[in-house]
Each structure stands twice: as structure tokens, then as C-alpha cells.
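Asks: Pasting a structure here, questions to come.
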Amino acid sequence: MPIATYMGVLRDSLISAGLDSEVKFQGLDIRVEVSVDGCTGCIFETIEKANGCNLKEACFAHMRKDSESVIFTNKQ
């Protein structure tokens, strides 16, 4: 499967995941948490912050059904 397809599936899974929920994807356990400082603490954080992130649509409040800005962390 092409990487773009994997990224699309992951993005769709993350967008639909509610706060404090867990998403399992390709061996990763990802937790959805409220963002308190932009991208800080997100496992997908890049040097360019959201400008360089391929998954930014999944965390922006205006793109999410719950209207919350979120980050994604390792399940703990």
C-alpha cells in the first residue's frame, strides 16, 4: 500500500477519534489529548510545527467534530 494511503487512513482515524481516546495504528498506540501549547508534546511534531506536519488536519479544532485543538501522544 502506498505511504499516502497509510497517511490518509491514519489522518481519518485521528480526526474521528474523541478526546482521551486511543487509536491503534500499525503497532502504535496513540492517545488524543487537548493541546495546551500548540504542537508541543505531539508525537508528530516537526521543527516547522504545523506548517511541516502532514497530519495537521487531524488536530486543528476547525477540522474536528469535537471542535477541540488536540495533540497525539504515546499511550501511557
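Naming works like this for the C-alpha cells: A, B, ... for the chains as they're shown, residue 1 at the start of each chain, ligands 1 onward in shown order.
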Select from chain A everything DSSP, run on the backbone, classes as helix (DSSP H, G or I), then give the selection as a count of residues only.

Replies: 24

Asks: Determine which residues of chain A DSSP labels as strand (DSSP E or B) from the backbone of this structure, then write them out as a PDB file with N, CA and C atoms, in the first residue's frame.

Replies:
ATOM      1  N   GLU A  22      -8.022   6.352  22.398  1.00  0.00           N
ATOM      2  CA  GLU A  22      -6.793   5.737  21.904  1.00  0.00           C
ATOM      3  C   GLU A  22      -7.019   5.204  20.501  1.00  0.00           C
ATOM      4  N   VAL A  23      -6.026   5.419  19.655  1.00  0.00           N
ATOM      5  CA  VAL A  23      -6.067   4.932  18.284  1.00  0.00           C
ATOM      6  C   VAL A  23      -4.911   3.955  18.113  1.00  0.00           C
ATOM      7  N   LYS A  24      -5.209   2.775  17.643  1.00  0.00           N
ATOM      8  CA  LYS A  24      -4.163   1.792  17.350  1.00  0.00           C
ATOM      9  C   LYS A  24      -3.933   1.804  15.847  1.00  0.00           C
ATOM     10  N   PHE A  25      -2.661   2.001  15.454  1.00  0.00           N
ATOM     11  CA  PHE A  25      -2.344   2.069  14.033  1.00  0.00           C
ATOM     12  C   PHE A  25      -0.939   1.541  13.793  1.00  0.00           C
ATOM     13  N   LEU A  28       1.324   1.244  16.686  1.00  0.00           N
ATOM     14  CA  LEU A  28       1.393   2.407  17.569  1.00  0.00           C
ATOM     15  C   LEU A  28       0.110   2.524  18.378  1.00  0.00           C
ATOM     16  N   ASP A  29       0.235   2.872  19.641  1.00  0.00           N
ATOM     17  CA  ASP A  29      -0.915   3.199  20.471  1.00  0.00           C
ATOM     18  C   ASP A  29      -0.873   4.703  20.692  1.00  0.00           C
ATOM     19  N   ILE A  30      -1.795   5.413  20.060  1.00  0.00           N
ATOM     20  CA  ILE A  30      -1.792   6.873  20.053  1.00  0.00           C
ATOM     21  C   ILE A  30      -2.951   7.379  20.895  1.00  0.00           C
ATOM     22  N   ARG A  31      -2.668   8.318  21.800  1.00  0.00           N
ATOM     23  CA  ARG A  31      -3.691   8.903  22.667  1.00  0.00           C
ATOM     24  C   ARG A  31      -3.997  10.324  22.189  1.00  0.00           C
ATOM     25  N   VAL A  32      -5.266  10.691  22.186  1.00  0.00           N
ATOM     26  CA  VAL A  32      -5.716  12.021  21.786  1.00  0.00           C
ATOM     27  C   VAL A  32      -5.885  12.871  23.040  1.00  0.00           C
ATOM     28  N   GLU A  33      -5.149  13.994  23.110  1.00  0.00           N
ATOM     29  CA  GLU A  33      -5.198  14.870  24.287  1.00  0.00           C
ATOM     30  C   GLU A  33      -5.419  16.321  23.856  1.00  0.00           C
ATOM     31  N   VAL A  34      -5.991  17.115  24.737  1.00  0.00           N
ATOM     32  CA  VAL A  34      -6.197  18.536  24.462  1.00  0.00           C
ATOM     33  C   VAL A  34      -4.840  19.219  24.333  1.00  0.00           C
ATOM     34  N   VAL A  70      -6.081  19.471  19.426  1.00  0.00           N
ATOM     35  CA  VAL A  70      -5.515  18.334  20.140  1.00  0.00           C
ATOM     36  C   VAL A  70      -4.076  18.059  19.707  1.00  0.00           C
ATOM     37  N   ILE A  71      -3.396  17.258  20.525  1.00  0.00           N
ATOM     38  CA  ILE A  71      -2.110  16.661  20.165  1.00  0.00           C
ATOM     39  C   ILE A  71      -2.249  15.165  20.308  1.00  0.00           C
ATOM     40  N   PHE A  72      -1.281  14.456  19.757  1.00  0.00           N
ATOM     41  CA  PHE A  72      -1.279  12.997  19.827  1.00  0.00           C
ATOM     42  C   PHE A  72      -0.030  12.551  20.565  1.00  0.00           C
ATOM     43  N   THR A  73      -0.232  11.716  21.581  1.00  0.00           N
ATOM     44  CA  THR A  73       0.882  11.249  22.406  1.00  0.00           C
ATOM     45  C   THR A  73       0.917   9.732  22.424  1.00  0.00           C
ATOM     46  N   ASN A  74       2.021   9.197  22.915  1.00  0.00           N
ATOM     47  CA  ASN A  74       2.110   7.746  23.108  1.00  0.00           C
ATOM     48  C   ASN A  74       1.204   7.349  24.242  1.00  0.00           C
TER      49      ASN A  74
END

Asks: Please provide the set of residues having any atom within 9 Å of A:Ser16, restricted to only C-alpha atoms, with same-chain residues fewer than 5 positions apart removed, written as a PyMOL selection string.

Replies: chain A and resi 11+58+64-66

Asks: Write out as a PDB file with N, CA and C atoms, in the first residue's frame which residues come within 10 Å of A:Phe60 when counting only C-alpha atoms, dropping same-chain ones fewer than 4 positions away.

Replies:
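Printed below is result_8.pdb as written:
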ATOM      1  N   ILE A  15      -8.744  12.098  13.093  1.00  0.00           N
ATOM      2  CA  ILE A  15      -9.789  13.128  13.053  1.00  0.00           C
ATOM      3  C   ILE A  15     -11.049  12.644  13.764  1.00  0.00           C
ATOM      4  N   SER A  35      -4.710  20.085  23.338  1.00  0.00           N
ATOM      5  CA  SER A  35      -3.484  20.859  23.153  1.00  0.00           C
ATOM      6  C   SER A  35      -3.520  22.074  24.058  1.00  0.00           C
ATOM      7  N   GLY A  38       0.055  24.580  21.451  1.00  0.00           N
ATOM      8  CA  GLY A  38       0.285  24.248  20.046  1.00  0.00           C
ATOM      9  C   GLY A  38       0.649  22.787  19.853  1.00  0.00           C
ATOM     10  N   ALA A  50       3.098  23.132  12.829  1.00  0.00           N
ATOM     11  CA  ALA A  50       2.002  22.700  11.952  1.00  0.00           C
ATOM     12  C   ALA A  50       2.326  22.896  10.477  1.00  0.00           C
ATOM     13  N   LEU A  55      -0.078  15.715   9.132  1.00  0.00           N
ATOM     14  CA  LEU A  55      -1.316  15.316   9.810  1.00  0.00           C
ATOM     15  C   LEU A  55      -2.023  16.485  10.493  1.00  0.00           C
ATOM     16  N   LYS A  56      -1.671  17.714  10.128  1.00  0.00           N
ATOM     17  CA  LYS A  56      -2.233  18.883  10.810  1.00  0.00           C
ATOM     18  C   LYS A  56      -3.752  18.965  10.723  1.00  0.00           C
ATOM     19  N   ARG A  64     -12.054  19.268  13.303  1.00  0.00           N
ATOM     20  CA  ARG A  64     -12.509  18.162  14.135  1.00  0.00           C
ATOM     21  C   ARG A  64     -13.981  18.321  14.521  1.00  0.00           C
ATOM     22  N   SER A  67     -14.471  20.061  17.804  1.00  0.00           N
ATOM     23  CA  SER A  67     -14.008  21.458  17.813  1.00  0.00           C
ATOM     24  C   SER A  67     -12.919  21.730  18.851  1.00  0.00           C
ATOM     25  N   GLU A  68     -12.108  20.725  19.138  1.00  0.00           N
ATOM     26  CA  GLU A  68     -11.001  20.854  20.086  1.00  0.00           C
ATOM     27  C   GLU A  68      -9.669  20.794  19.343  1.00  0.00           C
ATOM     28  N   SER A  69      -8.725  21.647  19.743  1.00  0.00           N
ATOM     29  CA  SER A  69      -7.347  21.518  19.253  1.00  0.00           C
ATOM     30  C   SER A  69      -6.680  20.430  20.082  1.00  0.00           C
ATOM     31  N   VAL A  70      -6.081  19.471  19.426  1.00  0.00           N
ATOM     32  CA  VAL A  70      -5.515  18.334  20.140  1.00  0.00           C
ATOM     33  C   VAL A  70      -4.076  18.059  19.707  1.00  0.00           C
ATOM     34  N   ILE A  71      -3.396  17.258  20.525  1.00  0.00           N
ATOM     35  CA  ILE A  71      -2.110  16.661  20.165  1.00  0.00           C
ATOM     36  C   ILE A  71      -2.249  15.165  20.308  1.00  0.00           C
TER      37      ILE A  71
END

Asks: Ranking A:Lys75, A:Gly27, A:Thr5, A:Met63 by minimum distance to A:Cys42 and counting only C-alpha atoms, which one comes first?

Replies: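 Closest to A:Cys42, using only C-alpha atoms: A:Lys75.
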
Asks: Could you state the separation of atom CA of A:Cys39 and atom CA of A:Cys53 in Å, given to one decimal place?

Replies: 9.7 Å

Asks: For atom CA of A:Ile47 and atom CA of A:Gly8, quote the distance in Å rounded to one decimal.

Replies: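 So the answer is 21.8 Å.
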
Asks: Could you check how far atom CA of A:Gly52 sits from atom CA of A:Ser21, in Å to one decimal?

Replies: 24.8 Å

Asks: Kindly indicate which residue among A:Asp20, A:Val36, A:Tyr6, A:Asp12 lies nearest to A:Glu57, using only C-alpha atoms for the distances.

Replies: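 Looking at the shortest contact to A:Glu57, the residue is A:Asp12.
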
Asks: Residues near A:Asn54, anyone? I mean within 10 Å using only C-alpha atoms, not counting same-chain ones fewer than 6 positions away, as a ChimeraX atom specification.

Replies: /A:4,7-8,11,44-46
